[in-house]
$ cat protein-v8.cif   # mmCIF, C-alpha atoms
data_query
loop_
_atom_site.label_atom_id
_atom_site.label_comp_id
_atom_site.auth_asym_id
_atom_site.auth_seq_id
_atom_site.Cartn_x
_atom_site.Cartn_y
_atom_site.Cartn_z
CA MET O 294 -64.66 29.02 125.19
CA LYS O 295 -62.19 31.83 124.66
CA SER O 296 -61.54 33.02 121.12
CA PHE O 297 -60.22 36.00 119.18
CA ALA O 298 -61.14 37.13 115.68
CA THR O 299 -60.45 39.90 113.22
CA ARG O 300 -61.38 40.76 109.68
CA THR O 301 -60.56 43.43 107.14
CA MET O 302 -61.13 44.26 103.49
CA ILE O 303 -58.00 44.21 101.34
CA ALA O 304 -57.61 45.73 97.86
CA ALA O 305 -55.48 42.90 96.46
CA THR O 306 -56.03 39.53 94.85
CA PRO O 307 -56.28 36.34 96.91
CA ALA O 308 -53.02 35.17 95.30
CA VAL O 309 -51.11 38.25 96.48
CA ILE O 310 -52.46 37.90 100.02
CA TRP O 311 -51.85 34.12 100.09
CA ASP O 312 -48.24 34.59 99.00
CA ILE O 313 -47.68 36.95 101.93
CA LEU O 314 -49.43 34.65 104.43
CA THR O 315 -47.36 31.63 103.41
CA ASP O 316 -43.93 33.28 103.16
CA ALA O 317 -42.63 32.36 106.63
CA PRO O 318 -39.13 33.91 106.41
CA HIS O 319 -40.56 37.34 105.59
CA TYR O 320 -43.22 37.65 108.32
CA PRO O 321 -41.04 40.03 110.39
CA ASP O 322 -40.69 42.28 107.32
CA TRP O 323 -44.38 43.17 107.34
CA ASN O 324 -45.95 41.82 110.53
CA THR O 325 -45.18 43.69 113.75
CA THR O 326 -46.83 40.92 115.81
CA VAL O 327 -44.35 38.22 114.74
CA SER O 328 -40.60 38.33 115.30
CA GLY O 329 -40.01 35.14 113.31
CA ILE O 330 -41.36 31.87 111.99
CA ASP O 331 -39.22 28.76 111.73
CA GLY O 332 -40.22 26.20 109.11
CA ALA O 333 -42.27 26.26 105.94
CA ILE O 334 -45.93 27.23 105.86
CA ALA O 335 -47.11 24.31 103.73
CA PRO O 336 -49.57 21.41 104.04
CA GLY O 337 -48.74 19.05 106.92
CA GLN O 338 -45.68 21.01 108.03
CA THR O 339 -44.83 22.08 111.57
CA ILE O 340 -43.79 25.67 112.15
CA THR O 341 -42.62 27.55 115.21
CA VAL O 342 -44.00 31.05 115.66
CA HIS O 343 -42.20 33.66 117.74
CA ALA O 344 -44.77 36.30 118.72
CA THR O 345 -43.77 39.77 119.89
CA ILE O 346 -46.47 39.64 122.59
CA SER O 347 -44.58 36.76 124.30
CA PRO O 348 -40.84 37.43 123.91
CA GLY O 349 -38.73 34.37 124.57
CA ARG O 350 -41.58 31.93 123.95
CA ALA O 351 -42.00 29.80 120.87
CA PHE O 352 -45.29 28.31 119.69
CA PRO O 353 -45.09 25.07 117.68
CA LEU O 354 -48.00 24.71 115.27
CA ARG O 355 -48.99 22.20 112.62
CA ILE O 356 -50.52 23.24 109.30
CA VAL O 357 -53.61 20.99 109.30
CA ALA O 358 -55.58 22.60 106.46
CA PHE O 359 -54.17 24.31 103.39
CA ASP O 360 -56.63 25.17 100.62
CA ALA O 361 -54.76 27.77 98.57
CA PRO O 362 -55.69 30.60 98.21
CA VAL O 363 -58.82 30.26 100.32
CA ARG O 364 -58.26 28.78 103.77
CA MET O 365 -55.49 27.67 106.10
CA LEU O 366 -55.61 26.24 109.63
CA TRP O 367 -52.79 26.14 112.18
CA SER O 368 -53.24 23.86 115.19
CA SER O 369 -51.49 23.07 118.45
CA GLY O 370 -52.41 21.40 121.68
CA MET O 371 -52.02 18.73 124.28
CA PRO O 372 -52.42 14.97 123.87
CA LEU O 373 -55.84 13.35 124.16
CA GLY O 374 -57.56 16.61 123.24
CA LEU O 375 -56.98 18.06 126.71
CA PHE O 376 -56.31 21.46 125.13
CA ARG O 377 -56.32 22.66 121.55
CA GLY O 378 -55.75 26.00 119.93
CA GLU O 379 -56.65 26.49 116.27
CA ARG O 380 -56.01 29.57 114.14
CA SER O 381 -57.84 29.88 110.84
CA PHE O 382 -57.12 32.23 107.96
CA GLU O 383 -59.78 32.76 105.27
CA LEU O 384 -59.86 34.82 102.09
CA ARG O 385 -63.19 35.62 100.44
CA PRO O 386 -63.27 37.63 97.20
CA THR O 387 -66.07 40.22 97.02
CA ASP O 388 -68.00 41.64 94.10
CA GLY O 389 -66.11 44.92 94.49
CA GLY O 390 -62.77 43.35 93.59
CA ARG O 391 -61.54 43.36 97.16
CA VAL O 392 -60.90 40.39 99.43
CA GLU O 393 -62.28 39.91 102.91
CA PHE O 394 -59.54 38.53 105.15
CA ALA O 395 -60.68 36.79 108.33
CA MET O 396 -58.51 35.31 111.07
CA ARG O 397 -59.83 33.49 114.12
CA GLU O 398 -58.32 31.55 117.00
CA ASP O 399 -60.40 29.18 119.12
CA TYR O 400 -59.40 27.23 122.21
CA SER O 401 -61.06 23.97 123.25
CA GLY O 402 -60.60 20.89 125.40
CA VAL O 403 -61.23 19.97 129.02
CA MET O 404 -58.19 21.98 130.16
CA ALA O 405 -59.16 25.08 128.13
CA PRO O 406 -60.95 26.90 130.99
CA LEU O 407 -57.83 26.63 133.14
CA ILE O 408 -55.22 27.32 130.43
CA THR O 409 -57.04 30.22 128.78
CA LYS O 410 -56.94 32.15 132.07
CA SER O 411 -53.23 32.69 131.42
CA ILE O 412 -53.71 33.81 127.81
CA PRO O 413 -53.61 37.62 127.59
CA ASP O 414 -56.05 39.67 125.54
CA LEU O 415 -54.85 38.95 122.01
CA GLN O 416 -57.48 41.09 120.28
CA PRO O 417 -55.18 44.09 119.76
CA ALA O 418 -52.52 41.80 118.25
CA PHE O 419 -55.12 40.20 115.96
CA ASP O 420 -56.30 43.59 114.73
CA GLU O 421 -52.67 44.68 114.25
CA PHE O 422 -51.92 41.49 112.26
CA ALA O 423 -54.84 42.25 109.92
CA ALA O 424 -53.77 45.89 109.50
CA CYS O 425 -50.18 44.86 108.73
CA LEU O 426 -51.35 42.27 106.19
CA LYS O 427 -53.65 44.81 104.53
CA ALA O 428 -50.84 47.37 104.25
CA ARG O 429 -48.36 44.87 102.76
CA ALA O 430 -50.85 43.30 100.34
CA GLU O 431 -52.11 46.64 99.05
CA ARG O 432 -48.52 47.81 98.60
CA ASN O 433 -47.73 44.61 96.66
CA ALA O 434 -50.93 44.67 94.57
#
$ encode --input "protein-v8.cif" --output "structure tokens"
Amino acid sequence: MKSFATRTMIAATPAVIWDILTDAPHYPDWNTTVSGIDGAIAPGQTITVHATISPGRAFPLRIVAFDAPVRMLWSSGMPLGLFRGERSFELRPTDGGRVEFAMREDYSGVMAPLITKSIPDLQPAFDEFAACLKARAERNA
């Protein structure tokens, strides 16, 4: 199946990073890959992400896991499991006082081979997301 992933080390606490990741109205202030998020990033909530890579398109996602300040999972898809996309965010403190941030998106379901053909290469946007988060968190730390 198709997937994208990125990771980076951030010199900030998990709490600082988590606050940035869950502050939906301010994503465009720090994240060049997102032009806006409608809704609240909170357990069980539905948000709509407006990505700069797909102007004019909106992506509705449900927050299906929210273990602050460690892990979060956003999910979207088609009924009956025909297609599912899941984006995970993980924060892992290290012995050096930094935090490893990891973000991954996986696609699954019987329709995934067909649908993922139309999904562009998101790897540059994933790496850019991580770099933007690192810059904002280290500035806020």
$ atom_distance --input "protein-v8.cif" --atom1 "atom CA of Asn324 of chain O" --atom2 "atom CA of Cys425 of chain O"
5.5 Å
$ resolve_selection --input "protein-v8.cif" --expression "the PyMOL selection byres ((chain O and resi 377-386) around 9)" --output "JSON, numbers by chain"
{"O": [306, 307, 310, 311, 314, 354, 358, 362, 363, 364, 365, 366, 367, 368, 369, 370, 371, 372, 374, 375, 376, 387, 388, 389, 390, 391, 392, 393, 394, 395, 396, 397, 398, 399, 400, 401, 402, 404, 405]}
$ closest_atom_pairs --input "protein-v8.cif" --of "segment 347-433 of chain O" --to "segment 325-329 of chain O" --cutoff "9 Å" --atoms "all atoms listed in the file" --output "CSV"
residue,atom,partner,partner_atom,distance
O:Pro348,CA,O:Ser328,CA,8.7
O:Ala418,CA,O:Thr326,CA,6.3
O:Phe419,CA,O:Thr326,CA,8.3
O:Glu421,CA,O:Thr326,CA,7.1
O:Phe422,CA,O:Thr326,CA,6.2
O:Cys425,CA,O:Thr325,CA,7.2
$ write_last_selection --input "protein-v8.cif" --atoms "C-alpha atoms" --output "CSV table (one decimal), in the frame of the given file"
chain,number,residue,atom,x,y,z
O,348,PRO,CA,-40.8,37.4,123.9
O,418,ALA,CA,-52.5,41.8,118.2
O,419,PHE,CA,-55.1,40.2,116.0
O,421,GLU,CA,-52.7,44.7,114.2
O,422,PHE,CA,-51.9,41.5,112.3
O,425,CYS,CA,-50.2,44.9,108.7
$ axis_aligned_box --input "protein-v8.cif" --around "segment 311-323 of chain O" --padding-each-side "3 Å" --output "AutoDock Vina command-line options"
--center_x -45.5 --center_y 37.4 --center_z 104.7 --size_x 18.7 --size_y 17.5 --size_z 17.4
$ closest_residue --input "protein-v8.cif" --among "O:Leu426, O:Ala361, O:Ile356, O:Ala335" --to "Pro321 of chain O" --atoms "only C-alpha atoms"
O:Leu426
$ closest_residue --input "protein-v8.cif" --among "O:Leu415, O:Ile334, O:Ala423, O:Ala428" --to "Thr299 of chain O" --atoms "all atoms listed in the file"
O:Ala423
$ atom_distance --input "protein-v8.cif" --atom1 "atom CA of Glu431 of chain O" --atom2 "atom CA of Ala304 of chain O"
5.7 Å
$ atom_distance --input "protein-v8.cif" --atom1 "atom CA of Lys410 of chain O" --atom2 "atom CA of Val342 of chain O"
20.9 Å
$ residues_around --input "protein-v8.cif" --residues "Gly332 of chain O" --least-positions-apart "6" --cutoff "10 Å" --atoms "all atoms listed in the file" --output "list of chain:residue names"
O:Asp316, O:Ala317, O:Pro318, O:Gln338, O:Thr339, O:Ile340, O:Thr341, O:Val342, O:Pro353
$ closest_residue --input "protein-v8.cif" --among "O:Ile303, O:Val357, O:Ile313, O:Ala351" --to "Gly337 of chain O" --atoms "all atoms listed in the file"
O:Val357
$ closest_residue --input "protein-v8.cif" --among "O:Asp312, O:Asp414, O:Asp322, O:Asp331" --to "Phe352 of chain O" --atoms "only C-alpha atoms"
O:Asp331
$ closest_residue --input "protein-v8.cif" --among "O:Ser296, O:Tyr320, O:Thr409, O:Asp360" --to "Ala308 of chain O" --atoms "only C-alpha atoms"
O:Asp360
$ decode --input "protein-v8.cif" --residues "segment 361-393 of chain O" --atoms "C-alpha atoms" --output "PDB file, in the first residue's frame"
ATOM      1  CA  ALA O 361      -1.789  13.879  24.745  1.00  0.00           C
ATOM      2  CA  PRO O 362       1.089  14.639  24.400  1.00  0.00           C
ATOM      3  CA  VAL O 363       2.176  11.371  22.809  1.00  0.00           C
ATOM      4  CA  ARG O 364       0.049  10.261  19.861  1.00  0.00           C
ATOM      5  CA  MET O 365      -2.794  11.430  17.651  1.00  0.00           C
ATOM      6  CA  LEU O 366      -4.515   9.764  14.690  1.00  0.00           C
ATOM      7  CA  TRP O 367      -6.612  11.444  11.994  1.00  0.00           C
ATOM      8  CA  SER O 368      -8.745   9.192   9.793  1.00  0.00           C
ATOM      9  CA  SER O 369     -10.932   9.462   6.718  1.00  0.00           C
ATOM     10  CA  GLY O 370     -12.359   7.083   4.197  1.00  0.00           C
ATOM     11  CA  MET O 371     -15.207   5.429   2.404  1.00  0.00           C
ATOM     12  CA  PRO O 372     -17.978   3.280   3.886  1.00  0.00           C
ATOM     13  CA  LEU O 373     -17.455  -0.444   4.411  1.00  0.00           C
ATOM     14  CA  GLY O 374     -13.691   0.008   4.563  1.00  0.00           C
ATOM     15  CA  LEU O 375     -13.436   0.405   0.790  1.00  0.00           C
ATOM     16  CA  PHE O 376     -10.765   3.066   1.289  1.00  0.00           C
ATOM     17  CA  ARG O 377      -9.150   4.521   4.378  1.00  0.00           C
ATOM     18  CA  GLY O 378      -6.453   7.081   4.939  1.00  0.00           C
ATOM     19  CA  GLU O 379      -4.910   7.457   8.388  1.00  0.00           C
ATOM     20  CA  ARG O 380      -2.385  10.056   9.504  1.00  0.00           C
ATOM     21  CA  SER O 381      -0.538   9.481  12.760  1.00  0.00           C
ATOM     22  CA  PHE O 382       1.488  11.967  14.789  1.00  0.00           C
ATOM     23  CA  GLU O 383       3.866  10.678  17.480  1.00  0.00           C
ATOM     24  CA  LEU O 384       6.146  12.415  19.961  1.00  0.00           C
ATOM     25  CA  ARG O 385       8.936  10.456  21.663  1.00  0.00           C
ATOM     26  CA  PRO O 386      11.186  12.188  24.207  1.00  0.00           C
ATOM     27  CA  THR O 387      14.868  11.225  23.952  1.00  0.00           C
ATOM     28  CA  ASP O 388      17.612  11.051  26.549  1.00  0.00           C
ATOM     29  CA  GLY O 389      19.173  14.190  25.071  1.00  0.00           C
ATOM     30  CA  GLY O 390      16.203  16.363  26.016  1.00  0.00           C
ATOM     31  CA  ARG O 391      14.907  16.544  22.470  1.00  0.00           C
ATOM     32  CA  VAL O 392      11.731  15.025  21.060  1.00  0.00           C
ATOM     33  CA  GLU O 393      11.487  12.805  18.014  1.00  0.00           C
TER      34      GLU O 393
END
